[in-house]
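J.: Pasting data18.cif below, which is mmCIF, C-alpha atoms and all ligand atoms.
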```cif
data_structure
#
loop_
_atom_site.label_atom_id
_atom_site.label_comp_id
_atom_site.auth_asym_id
_atom_site.auth_seq_id
_atom_site.Cartn_x
_atom_site.Cartn_y
_atom_site.Cartn_z
CA MET A 1 7.34 -9.12 -10.10
CA GLU A 2 6.87 -12.03 -7.74
CA ILE A 3 3.69 -13.50 -6.38
CA ILE A 4 3.79 -15.08 -2.96
CA ILE A 5 0.82 -17.21 -2.01
CA GLN A 6 0.15 -17.68 1.69
CA PRO A 7 -2.47 -19.93 3.29
CA ASN A 8 -4.56 -17.16 4.86
CA LYS A 9 -4.72 -13.44 5.60
CA GLU A 10 -2.87 -13.81 8.90
CA ALA A 11 0.08 -15.35 7.03
CA VAL A 12 -0.06 -12.57 4.40
CA THR A 13 0.17 -9.81 6.99
CA SER A 14 2.76 -11.66 9.03
CA LEU A 15 5.01 -12.09 5.99
CA ALA A 16 4.62 -8.43 4.98
CA SER A 17 5.52 -7.23 8.46
CA ARG A 18 8.50 -9.60 8.65
CA ILE A 19 9.80 -8.20 5.36
CA ILE A 20 9.41 -4.62 6.65
CA VAL A 21 11.18 -5.47 9.91
CA ASP A 22 13.99 -7.10 7.94
CA ARG A 23 14.41 -3.90 5.89
CA LEU A 24 14.18 -1.79 9.05
CA ILE A 25 16.98 -3.73 10.70
CA THR A 26 19.18 -3.15 7.65
CA LYS A 27 18.20 0.52 7.44
CA PRO A 28 16.89 2.04 10.70
CA ASN A 29 16.02 5.26 8.85
CA LEU A 30 13.80 3.38 6.43
CA VAL A 31 11.47 5.50 4.30
CA LEU A 32 8.21 3.58 4.39
CA GLY A 33 5.35 4.28 2.01
CA CYS A 34 2.13 3.66 3.93
CA ALA A 35 -1.25 2.57 2.61
CA THR A 36 -4.61 2.47 4.33
CA GLY A 37 -7.72 0.31 4.09
CA ARG A 38 -8.94 -2.90 5.66
CA THR A 39 -6.05 -5.01 4.40
CA MET A 40 -3.50 -2.72 6.07
CA ASN A 41 -5.13 -2.85 9.52
CA MET A 42 -3.62 -6.22 10.28
CA VAL A 43 -0.26 -5.31 8.76
CA TYR A 44 0.21 -2.45 11.21
CA GLU A 45 -0.97 -4.64 14.11
CA SER A 46 1.51 -7.31 13.18
CA LEU A 47 4.33 -4.82 12.52
CA ILE A 48 3.87 -3.19 15.93
CA ALA A 49 3.83 -6.57 17.70
CA LEU A 50 6.94 -7.75 15.88
CA ALA A 51 8.83 -4.51 16.51
CA LYS A 52 7.94 -4.75 20.21
CA GLU A 53 9.09 -8.35 20.38
CA GLN A 54 12.43 -7.43 18.82
CA ALA A 55 12.74 -4.13 20.70
CA LEU A 56 12.97 -2.21 17.42
CA SER A 57 12.61 1.53 17.34
CA PHE A 58 10.79 3.60 14.70
CA SER A 59 12.52 6.78 15.86
CA GLU A 60 14.50 7.14 12.64
CA VAL A 61 11.77 5.82 10.32
CA CYS A 62 10.07 8.26 7.95
CA THR A 63 6.71 7.62 6.34
CA PHE A 64 4.89 8.93 3.29
CA ASN A 65 1.22 8.13 2.88
CA LEU A 66 -0.15 7.19 -0.48
CA ASP A 67 -3.31 9.24 -0.58
CA GLU A 68 -5.88 11.35 1.26
CA TYR A 69 -9.46 12.44 0.70
CA VAL A 70 -9.97 16.03 -0.41
CA GLY A 71 -11.94 17.99 2.18
CA LEU A 72 -11.26 15.80 5.23
CA ASP A 73 -8.87 17.17 7.82
CA ALA A 74 -6.66 15.10 10.13
CA LYS A 75 -9.33 15.19 12.88
CA HIS A 76 -11.96 13.58 10.65
CA PRO A 77 -12.26 9.91 11.69
CA GLN A 78 -12.38 8.80 8.04
CA SER A 79 -9.33 10.75 6.96
CA TYR A 80 -6.26 8.69 6.28
CA ALA A 81 -4.30 10.99 8.60
CA PHE A 82 -6.59 9.90 11.44
CA TYR A 83 -6.30 6.25 10.39
CA MET A 84 -2.49 6.38 10.46
CA GLN A 85 -2.45 8.08 13.84
CA GLU A 86 -4.71 5.39 15.28
CA LYS A 87 -3.21 2.32 13.62
CA LEU A 88 0.50 3.11 13.61
CA PHE A 89 1.87 6.46 14.66
CA SER A 90 0.41 6.73 18.17
CA ARG A 91 1.49 3.18 18.92
CA THR A 92 5.16 3.50 18.06
CA ASP A 93 7.98 5.90 18.88
CA ILE A 94 7.89 7.37 15.38
CA LEU A 95 8.43 11.14 15.44
CA ALA A 96 5.55 13.29 14.23
CA GLU A 97 7.91 15.33 12.06
CA HIS A 98 8.93 12.14 10.25
CA THR A 99 5.38 11.31 9.14
CA GLN A 100 4.43 12.88 5.84
CA LEU A 101 0.80 13.00 4.74
CA LEU A 102 -1.00 14.82 1.98
CA ASN A 103 -3.25 17.55 3.34
CA GLY A 104 -6.65 17.22 1.66
CA THR A 105 -7.75 20.57 3.06
CA ALA A 106 -4.80 22.60 1.75
CA SER A 107 -5.90 25.83 0.07
CA ASN A 108 -3.63 25.10 -2.87
CA LEU A 109 -4.00 21.39 -3.65
CA LYS A 110 -1.68 21.46 -6.64
CA GLY A 111 1.02 23.13 -4.55
CA GLU A 112 0.47 20.54 -1.82
CA CYS A 113 1.03 17.70 -4.32
CA ASP A 114 4.10 19.30 -5.88
CA THR A 115 5.67 19.88 -2.45
CA TYR A 116 5.00 16.24 -1.56
CA GLU A 117 6.90 15.09 -4.64
CA THR A 118 9.85 17.30 -3.68
CA LYS A 119 9.80 15.95 -0.12
CA ILE A 120 9.92 12.35 -1.34
CA THR A 121 13.00 13.23 -3.39
CA ASP A 122 14.58 15.11 -0.46
CA TYR A 123 14.21 12.03 1.73
CA GLY A 124 16.05 9.97 -0.89
CA GLY A 125 12.93 8.23 -2.24
CA ILE A 126 10.70 5.57 -0.74
CA ASP A 127 12.48 2.37 0.30
CA VAL A 128 9.44 0.13 0.77
CA GLN A 129 6.00 1.06 -0.49
CA LEU A 130 3.01 -0.82 0.93
CA LEU A 131 0.01 -1.12 -1.37
CA GLY A 132 -3.49 -2.48 -1.19
CA ILE A 133 -5.63 -2.83 -4.27
CA GLY A 134 -9.11 -1.49 -4.91
CA GLN A 135 -11.62 -3.76 -6.59
CA SER A 136 -11.29 -1.70 -9.76
CA GLY A 137 -7.54 -2.29 -9.70
CA HIS A 138 -6.42 1.08 -8.50
CA ILE A 139 -3.30 1.60 -6.44
CA GLY A 140 -3.54 4.63 -4.19
CA PHE A 141 -6.42 6.49 -5.80
CA ASN A 142 -5.12 6.09 -9.35
CA GLU A 143 -8.47 5.53 -10.98
CA PRO A 144 -9.04 4.18 -14.53
CA LEU A 145 -7.09 6.02 -17.23
CA SER A 146 -4.56 7.38 -14.76
CA SER A 147 -1.38 8.00 -16.71
CA LEU A 148 1.15 5.31 -15.94
CA GLY A 149 3.66 8.15 -15.61
CA SER A 150 1.47 10.30 -13.35
CA ARG A 151 2.78 12.18 -10.33
CA THR A 152 1.07 13.15 -7.06
CA ARG A 153 -2.11 15.03 -7.91
CA GLU A 154 -5.83 15.43 -7.34
CA LYS A 155 -8.13 12.76 -8.81
CA ALA A 156 -11.90 12.40 -9.07
CA LEU A 157 -13.05 9.11 -7.54
CA THR A 158 -15.12 6.60 -9.49
CA GLU A 159 -18.50 5.41 -8.28
CA THR A 160 -16.98 1.92 -7.74
CA THR A 161 -14.36 3.33 -5.38
CA ARG A 162 -16.87 5.46 -3.51
CA LEU A 163 -19.20 2.48 -3.11
CA GLN A 164 -16.31 0.33 -1.91
CA ASN A 165 -15.45 2.89 0.75
CA GLN A 166 -19.04 3.75 1.64
CA ALA A 167 -19.03 1.36 4.60
CA PHE A 168 -16.80 3.80 6.48
CA PHE A 169 -19.20 6.73 6.02
CA GLU A 170 -22.84 7.22 6.97
CA THR A 171 -24.11 7.64 3.42
CA LEU A 172 -22.72 7.46 -0.10
CA ASP A 173 -23.14 11.21 -0.29
CA ALA A 174 -20.74 11.63 2.61
CA VAL A 175 -17.95 9.81 0.73
CA PRO A 176 -15.63 12.45 -0.75
CA LYS A 177 -15.68 12.74 -4.53
CA ARG A 178 -12.04 13.69 -4.86
CA ALA A 179 -8.72 12.66 -3.40
CA LEU A 180 -5.02 13.47 -3.54
CA THR A 181 -2.89 10.53 -4.49
CA MET A 182 0.69 9.67 -5.31
CA GLY A 183 0.86 9.12 -9.03
CA VAL A 184 1.56 5.80 -10.70
CA GLY A 185 4.96 7.16 -11.74
CA THR A 186 5.65 8.24 -8.15
CA ILE A 187 4.78 4.78 -6.83
CA LEU A 188 6.90 3.05 -9.46
CA GLU A 189 9.97 4.98 -8.27
CA SER A 190 9.81 3.25 -4.85
CA LYS A 191 12.76 0.91 -4.43
CA GLU A 192 10.60 -2.01 -3.32
CA ILE A 193 6.85 -2.55 -3.45
CA LEU A 194 4.72 -4.91 -1.39
CA LEU A 195 1.14 -5.21 -2.64
CA LEU A 196 -1.19 -7.19 -0.40
CA ALA A 197 -4.58 -8.65 -1.17
CA THR A 198 -6.79 -11.12 0.62
CA GLY A 199 -10.21 -12.63 0.00
CA LYS A 200 -12.15 -14.03 -2.94
CA HIS A 201 -13.43 -10.58 -3.92
CA LYS A 202 -9.86 -9.63 -4.88
CA ALA A 203 -9.17 -12.78 -6.97
CA GLU A 204 -10.27 -11.43 -10.34
CA ILE A 205 -8.46 -8.12 -10.03
CA ILE A 206 -5.28 -9.77 -8.78
CA SER A 207 -5.17 -12.03 -11.84
CA LYS A 208 -5.75 -9.02 -14.12
CA ALA A 209 -3.16 -6.89 -12.30
CA ALA A 210 -0.41 -9.51 -12.32
CA GLU A 211 -1.10 -11.63 -15.38
CA GLY A 212 -3.17 -9.37 -17.61
CA PRO A 213 -2.09 -6.79 -20.18
CA ILE A 214 -0.69 -3.48 -18.92
CA THR A 215 -3.32 -0.79 -19.17
CA GLY A 216 -4.08 2.66 -17.80
CA MET A 217 -7.57 1.32 -17.04
CA ILE A 218 -6.08 -0.76 -14.20
CA SER A 219 -3.26 1.18 -12.56
CA ALA A 220 -2.04 -1.91 -10.66
CA THR A 221 -0.95 -3.49 -13.98
CA SER A 222 1.83 -0.86 -14.09
CA LEU A 223 3.55 -2.80 -11.31
CA GLN A 224 4.66 -5.26 -13.98
CA PHE A 225 7.24 -2.60 -14.91
CA HIS A 226 8.71 -2.56 -11.40
CA ARG A 227 11.91 -4.48 -10.73
CA SER A 228 11.19 -5.34 -7.12
CA CYS A 229 7.48 -5.75 -6.64
CA LYS A 230 6.08 -8.54 -4.50
CA ILE A 231 2.40 -9.35 -4.54
CA ILE A 232 1.47 -11.22 -1.37
CA VAL A 233 -1.91 -12.92 -1.48
CA ASP A 234 -3.88 -15.53 0.41
CA GLU A 235 -5.28 -18.65 -1.30
CA ASP A 236 -8.61 -16.91 -1.93
CA ALA A 237 -7.10 -13.90 -3.67
CA ALA A 238 -4.78 -16.24 -5.62
CA SER A 239 -7.61 -18.48 -6.78
CA GLU A 240 -7.83 -17.05 -10.33
CA LEU A 241 -4.10 -16.93 -11.07
CA ARG A 242 -2.97 -19.10 -13.97
CA GLU A 243 0.60 -19.85 -12.87
CA LYS A 244 -0.01 -20.52 -9.19
CA GLU A 245 2.17 -23.63 -9.01
CA TYR A 246 5.12 -21.81 -10.56
CA TYR A 247 4.79 -18.95 -8.02
CA ARG A 248 4.67 -21.43 -5.16
CA TRP A 249 7.78 -23.19 -6.47
CA VAL A 250 9.72 -19.94 -6.69
CA PHE A 251 8.85 -18.92 -3.13
CA ASP A 252 9.69 -22.39 -1.79
CA ASN A 253 13.03 -22.62 -3.60
CA GLU A 254 14.57 -19.17 -4.08
CA PRO A 255 17.38 -18.52 -1.53
CA GLU A 256 16.13 -14.91 -1.13
CA TRP A 257 13.05 -16.24 0.65
CA GLU A 258 14.74 -18.77 2.89
CA LYS A 259 14.57 -16.68 6.07
CA PHE A 260 10.92 -15.80 5.44
CA ARG A 261 9.49 -19.27 4.80
C1 LIG A 301 -8.67 2.58 -0.81
C2 LIG A 301 -7.26 3.13 -0.82
C3 LIG A 301 -6.32 2.17 -1.51
C4 LIG A 301 -6.51 0.77 -0.94
C5 LIG A 301 -7.91 0.30 -1.19
C6 LIG A 301 -8.16 -1.13 -0.76
O1 LIG A 301 -9.33 2.80 -2.01
N1 LIG A 301 -7.14 4.38 -1.49
O2 LIG A 301 -4.99 2.61 -1.33
O3 LIG A 301 -5.60 -0.08 -1.57
O4 LIG A 301 -8.73 1.19 -0.47
O5 LIG A 301 -8.73 -1.20 0.50
P1 LIG A 301 -9.10 -2.51 1.28
O6 LIG A 301 -7.84 -3.04 1.84
O7 LIG A 301 -10.03 -2.02 2.35
O8 LIG A 301 -9.75 -3.44 0.33
#
```
Output the structure of this file as structure tokens.
T.:
Amino acid sequence: MEIIIQPNKEAVTSLASRIIVDRLITKPNLVLGCATGRTMNMVYESLIALAKEQALSFSEVCTFNLDEYVGLDAKHPQSYAFYMQEKLFSRTDILAEHTQLLNGTASNLKGECDTYETKITDYGGIDVQLLGIGQSGHIGFNEPLSSLGSRTREKALTETTRLQNQAFFETLDAVPKRALTMGVGTILESKEILLLATGKHKAEIISKAAEGPITGMISATSLQFHRSCKIIVDEDAASELREKEYYRWVFDNEPEWEKFR
């Protein structure tokens, strides 16, 4: 795991999109794991701008989304399918048949999740998985006590998560109580992971996720097992990290990062 500290959220999203573009140039048929949420808004903005600037095409790119609310269809403005359409898909030349999303209204949710797992394997696995982090430390919707080996499945959402996402709905009651999510084990099989966090409200959970003990109570701690996970944070989200100066030194000196500094 590496932690990259950037001065502000603009720099965080710019770095993340530059890394994705770099991987896309190397592999035009990149399999990109997409996340949603406020942090990702700017990433997609920046990615689209950068791709335009460099005349890059998404026509061979395939995407897999991390999670979806149970009960919301793709037309619901708060569904993640709708979010992806608005923020990324409709603004690039990505082909609809290359965008994979969990269907939270499927009649057989277990079947839906199992098929999703098979599809990920059929596509050769996820090359780059984008992640945000919930305030409780979940990745995707892997709520406390999610097995660190879990696969894509249905999960009940905690009150903390529902409250955190309430702003997008009219009332707390309108926030779905269940979701489909890639499992922790599914996420850990991605070849590269980029977790992004910005703002003071993420500082405590970032320090627990990266520097704390590994626990099923905080699914983001499982990322410590991953061999190519980068956590990109702004100064605010980095403010409670113990080894900040070491992380800065690594980013400033490792040859791998030269073209991104
Ligand atoms: C939701 C999503 C997560 C995301 C989190 C953080 O709970 N299921 O995948 O990481 O929101 O969102 P934000 O970036 O808005 O803080």
J.: Please write out the residues within 6 Å of ligand LIG 301 (chain A) as a PyMOL selection string, counting only C-alpha atoms and all ligand atoms.
T.: chain A and resi 35-39+131-134+139-141
J.: Write out, as a compact mmCIF listing (two decimals), in the coordinates of the input, the residues just selected, with C-alpha atoms.
T.:
```
# COMPACT_ATOMS: atom_id res chain seq x y z
CA ALA A 35 -1.25 2.57 2.61
CA THR A 36 -4.61 2.47 4.33
CA GLY A 37 -7.72 0.31 4.09
CA ARG A 38 -8.94 -2.90 5.66
CA THR A 39 -6.05 -5.01 4.40
CA LEU A 131 0.01 -1.12 -1.37
CA GLY A 132 -3.49 -2.48 -1.19
CA ILE A 133 -5.63 -2.83 -4.27
CA GLY A 134 -9.11 -1.49 -4.91
CA ILE A 139 -3.30 1.60 -6.44
CA GLY A 140 -3.54 4.63 -4.19
CA PHE A 141 -6.42 6.49 -5.80
```
J.: Can you tell me which residues surround Ala197 (chain A) at a distance of at most 12 Å, considering all atoms listed in the file, apart from same-chain residues fewer than 6 positions away, and format the answer as a PDB file with C-alpha atoms, in the frame of the given file?
T.:
```pdb
ATOM      1  CA  ILE A   3       3.690 -13.500  -6.380  1.00  0.00           C
ATOM      2  CA  ILE A   4       3.790 -15.080  -2.960  1.00  0.00           C
ATOM      3  CA  ILE A   5       0.820 -17.210  -2.010  1.00  0.00           C
ATOM      4  CA  GLN A   6       0.150 -17.680   1.690  1.00  0.00           C
ATOM      5  CA  ASN A   8      -4.560 -17.160   4.860  1.00  0.00           C
ATOM      6  CA  LYS A   9      -4.720 -13.440   5.600  1.00  0.00           C
ATOM      7  CA  GLU A  10      -2.870 -13.810   8.900  1.00  0.00           C
ATOM      8  CA  ALA A  11       0.080 -15.350   7.030  1.00  0.00           C
ATOM      9  CA  VAL A  12      -0.060 -12.570   4.400  1.00  0.00           C
ATOM     10  CA  THR A  13       0.170  -9.810   6.990  1.00  0.00           C
ATOM     11  CA  ALA A  16       4.620  -8.430   4.980  1.00  0.00           C
ATOM     12  CA  GLY A  37      -7.720   0.310   4.090  1.00  0.00           C
ATOM     13  CA  ARG A  38      -8.940  -2.900   5.660  1.00  0.00           C
ATOM     14  CA  THR A  39      -6.050  -5.010   4.400  1.00  0.00           C
ATOM     15  CA  MET A  40      -3.500  -2.720   6.070  1.00  0.00           C
ATOM     16  CA  MET A  42      -3.620  -6.220  10.280  1.00  0.00           C
ATOM     17  CA  VAL A  43      -0.260  -5.310   8.760  1.00  0.00           C
ATOM     18  CA  LEU A 130       3.010  -0.820   0.930  1.00  0.00           C
ATOM     19  CA  LEU A 131       0.010  -1.120  -1.370  1.00  0.00           C
ATOM     20  CA  GLY A 132      -3.490  -2.480  -1.190  1.00  0.00           C
ATOM     21  CA  ILE A 133      -5.630  -2.830  -4.270  1.00  0.00           C
ATOM     22  CA  GLY A 134      -9.110  -1.490  -4.910  1.00  0.00           C
ATOM     23  CA  GLN A 135     -11.620  -3.760  -6.590  1.00  0.00           C
ATOM     24  CA  GLY A 137      -7.540  -2.290  -9.700  1.00  0.00           C
ATOM     25  CA  ILE A 139      -3.300   1.600  -6.440  1.00  0.00           C
ATOM     26  CA  ALA A 203      -9.170 -12.780  -6.970  1.00  0.00           C
ATOM     27  CA  GLU A 204     -10.270 -11.430 -10.340  1.00  0.00           C
ATOM     28  CA  ILE A 205      -8.460  -8.120 -10.030  1.00  0.00           C
ATOM     29  CA  ILE A 206      -5.280  -9.770  -8.780  1.00  0.00           C
ATOM     30  CA  SER A 207      -5.170 -12.030 -11.840  1.00  0.00           C
ATOM     31  CA  ALA A 209      -3.160  -6.890 -12.300  1.00  0.00           C
ATOM     32  CA  ALA A 210      -0.410  -9.510 -12.320  1.00  0.00           C
ATOM     33  CA  ALA A 220      -2.040  -1.910 -10.660  1.00  0.00           C
ATOM     34  CA  LYS A 230       6.080  -8.540  -4.500  1.00  0.00           C
ATOM     35  CA  ILE A 231       2.400  -9.350  -4.540  1.00  0.00           C
ATOM     36  CA  ILE A 232       1.470 -11.220  -1.370  1.00  0.00           C
ATOM     37  CA  VAL A 233      -1.910 -12.920  -1.480  1.00  0.00           C
ATOM     38  CA  ASP A 234      -3.880 -15.530   0.410  1.00  0.00           C
ATOM     39  CA  GLU A 235      -5.280 -18.650  -1.300  1.00  0.00           C
ATOM     40  CA  ASP A 236      -8.610 -16.910  -1.930  1.00  0.00           C
ATOM     41  CA  ALA A 237      -7.100 -13.900  -3.670  1.00  0.00           C
ATOM     42  CA  ALA A 238      -4.780 -16.240  -5.620  1.00  0.00           C
ATOM     43  CA  SER A 239      -7.610 -18.480  -6.780  1.00  0.00           C
TER      44      SER A 239
END
```
J.: Compile a residue-level contact table for region 22-59 of chain A against region 118-123 of chain A at a cut-off of 12 Å, reporting for every qualifying residue the shortest atom pair and its distance in Å to one decimal, with all atoms listed in the file counted, rows ordered by chain and ascending number, as JSON lines.
T.:
```
{"residue": "A:Asn29", "atom": "CA", "partner": "A:Tyr123", "partner_atom": "CA", "distance": 10.0}
{"residue": "A:Leu30", "atom": "CA", "partner": "A:Tyr123", "partner_atom": "CA", "distance": 9.9}
{"residue": "A:Val31", "atom": "CA", "partner": "A:Tyr123", "partner_atom": "CA", "distance": 7.5}
{"residue": "A:Leu32", "atom": "CA", "partner": "A:Ile120", "partner_atom": "CA", "distance": 10.6}
{"residue": "A:Gly33", "atom": "CA", "partner": "A:Ile120", "partner_atom": "CA", "distance": 9.9}
```
J.: Output as a tab-separated table one row per residue of region 65-128 of chain A within 6 Å of region 175-195 of chain A: the closest atom pair and its distance in Å to one decimal place, counting all atoms listed in the file, sorted by chain and residue number ascending.
T.:
```
residue	atom	partner	partner_atom	distance
A:Leu66	CA	A:Met182	CA	5.5
A:Asp67	CA	A:Thr181	CA	4.1
A:Glu68	CA	A:Leu180	CA	5.3
A:Tyr69	CA	A:Ala179	CA	4.2
A:Val70	CA	A:Ala179	CA	4.7
A:Ile126	CA	A:Ser190	CA	4.8
A:Asp127	CA	A:Lys191	CA	5.0
A:Val128	CA	A:Glu192	CA	4.8
```
J.: Report the distance between CA of Leu241 (chain A) and CA of Ile218 (chain A) in Å, rounded to one decimal place.
T.: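 One can read the CA of Leu241 (chain A) to CA of Ile218 (chain A) distance as 16.6 Å.
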J.: Please measure the separation of CA of Ile25 (chain A) and CA of Trp249 (chain A), giving the value in Å to one decimal.
T.: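 According to the coordinates, CA of Ile25 (chain A) and CA of Trp249 (chain A) are separated by 27.5 Å.
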J.: Can you measure CA of Leu102 (chain A) to CA of Lys52 (chain A) for me? One decimal in Å is fine.
T.: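 Those two atoms sit 28.2 Å apart.
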